Structure formats: structure tokens, C-alpha cells
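What follows is a single structure, written as C-alpha cells, with notes after it.
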Amino acid sequence: MSTSDMTPTATSSDAHPRFAEALRELGLDVEVRRFPDATRTAVEAAAAIGCELSQIVKSLVFEADGAPVLVLMDGSSRVDVERVRNELGAGKVERAGADLVRETTGYAIGGVPPFGHVTRTRVLADRGLLDHAVVWAAAGTPHTVFPLDPKSVVEFAGGTLVDVRERTA
């Protein structure tokens with residue numbers, strides 16, 4: 001892959017139309033970067049942007065006792081489902097399937113932004129996101145990302161700060 005394949009273009013119109021509208025409604029003027037190659041995974045996104053893996057925001061949908069819940073996690077960590085279950089006081093928590101993700105957020109897996117969804121969902125944001133001045137999240141497609149300070153990401157998502165990352169041994 002040549003370096004020209006990795007060169008992003010930057011216009012807010014590159015964001016998914018629903019997400020671009022959410023940015024407008026929130027009065028947010030952020031730089032949306034579009035990459036020719038997919039940034040569907042945190043590793044792909046960090047490589048394309050040239051940032052640390054932990055600066056990527058993963059927007060992950062789980063199903064807690066049948067209800068969707070969004071978990072915002074840094075790209076270098078994994079969600080501890082048991083900690084999410086305890087946080088929610090739920091009986092059962094599992095990763096949501098692709099259909100529920102699209103139905104809940106309006107976006108496909110790999111492009112889910114932290115806010116601008118079709119439905120209002122409970123949001124848990126792992127405190128580890130606050131370790132950086134700037135984080136990068138999907139802008140509604142697997143090819144687009146945007147930078148924002150983590151406190152704003154959590155605030156715009158309506159998130160509750162929690163500790164739900166897997167602890168490393």
C-alpha cells in the first residue's frame with residue numbers, strides 16, 4: 001500500500017448524513033477524515049490516523065436483559081461484560097448482533113459513532129477514555145473518523161463514566 005492510499009481527505013460532508021446532521025444539531029464543527037481504506041477496527045483506524053490505539057473510541061452495542069446499551073471503550077482495551085452487568089444490575093449481558101446494532105444506532109458495525117443514533121440508548125463510557133487530550137471515533141461509516149476531546153464525546157453521547165474495561169493480569 002502506498003502512502004497516497006493512506007492520505008485522508010477532510011470535509012464534514014464525508015460523515016454519514018445522519019451523523020453530519022447530528023454534528024450540525026449539536027453545533028459541533030469537527031474535522032471528519034475519510035480514508036480510502038476501511039478503518040473498521042480500532043487497529044486499522046489507529047494505523048490510518050497515526051495515533052495510539054488507546055486514542056480510538058470503540059462504540060460497542062451490548063444487550064442487557066434484552067435492552068441495548070452502548071459502551072464507549074478505548075481501542076486498546078476490551079470490555080469486561082461482567083463489570084457491565086454489575087454496573088447495570090442486569091441478569092444477562094452479551095454483545096449485540098449486527099441487526100440490533102443497526103436498529104439501535106442506525107449505523108453498521110465498524111462505523112458506529114458515539115452519538116447521533118436513531119434511538120436514545122443508555123451509554124456507559126469507560127474512564128480510560130479520559131487519559132487522552134484527543135480521541136478519535138467513527139463518523140458513521142467504516143471509512144470516516146473525527147477527533148474530539150474525550151469529555152465532550154462522553155457528554156454528547158449522554159454517557160455515564162464507569163470502569164468496565166478488562167483488567168490486565
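By convention here, the chains of the C-alpha cells are called A, B, ... in the order presented, each chain's residues are numbered starting at 1, and ligands are numbered starting at 1 in the order presented.
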Sort by chain and increasing residue number a table of all residues of segment 56-161 of chain A within 9 Å of segment 42-47 of chain A, each with its closest pair of atoms and their distance in Å to one decimal, counting only C-alpha atoms, and write it as a Markdown table.
| residue | atom | partner | partner_atom | distance |
| --- | --- | --- | --- | --- |
| A:Ile56 | CA | A:Ala42 | CA | 6.0 |
| A:Val57 | CA | A:Ala42 | CA | 7.7 |
| A:Lys58 | CA | A:Ala42 | CA | 6.9 |
| A:Asp74 | CA | A:Ala42 | CA | 8.6 |
| A:Gly75 | CA | A:Ala42 | CA | 5.2 |
| A:Ser76 | CA | A:Ala42 | CA | 7.8 |
| A:Gly110 | CA | A:Ala42 | CA | 8.9 |
| A:Trp136 | CA | A:Ala45 | CA | 8.4 |
| A:Ala137 | CA | A:Ala45 | CA | 8.8 |
| A:Ala138 | CA | A:Ala45 | CA | 8.7 |
| A:His143 | CA | A:Ala45 | CA | 8.7 |
| A:Thr144 | CA | A:Ala45 | CA | 9.0 |
| A:Val145 | CA | A:Ala45 | CA | 7.9 |
Report the residues of chain A whose backbone DSSP state falls under strand (DSSP E or B), written as a PyMOL selection string. chain A and resi 9-10+33-34+56-64+67-74+79+93-95+122-126+135-138+144-148+160-162+165
Which of chain A end up as helix (DSSP H, G or I) when DSSP is run on this backbone - answer as a PyMOL selection string? chain A and resi 3-6+12-14+17-26+42-49+53-55+81-88+98-105+127-131+150-157
Pick the closest to Phe115 of chain A from A:Ser59, A:Thr160, A:Ser77, A:Ser54: which is it, counting only C-alpha atoms?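 Of A:Ser59, A:Thr160, A:Ser77, A:Ser54, the one nearest Phe115 of chain A, counting only C-alpha atoms, is A:Ser59.
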Using Å and a single decimal, report how far atom CA of Arg95 of chain A sits from atom CA of Pro147 of chain A.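 Atom-to-atom, atom CA of Pro147 of chain A and atom CA of Arg95 of chain A are spaced 25.8 Å apart.
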Have a look at A:Asp99, A:Glu21, A:Asp80, A:Glu63 and name the one nearest to Val162 of chain A; count only C-alpha atoms.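 Selected residue with least distance to Val162 of chain A: A:Asp80.
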From the list A:Ser152, A:Gly106, A:Thr121, A:Gly140, which residue is nearest Val32 of chain A when using only C-alpha atoms? A:Gly140
What lies within 12 Å of Lys151 of chain A using only C-alpha atoms, ignoring chain neighbours under 5 positions off, as a ChimeraX atom specification? /A:72,125-135,156-161
Go ahead and compute the interatomic distance for atom CA of Val71 of chain A and atom CA of Leu23 of chain A, in Å to one decimal.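 Atom CA of Val71 of chain A sits 20.1 Å away from atom CA of Leu23 of chain A.
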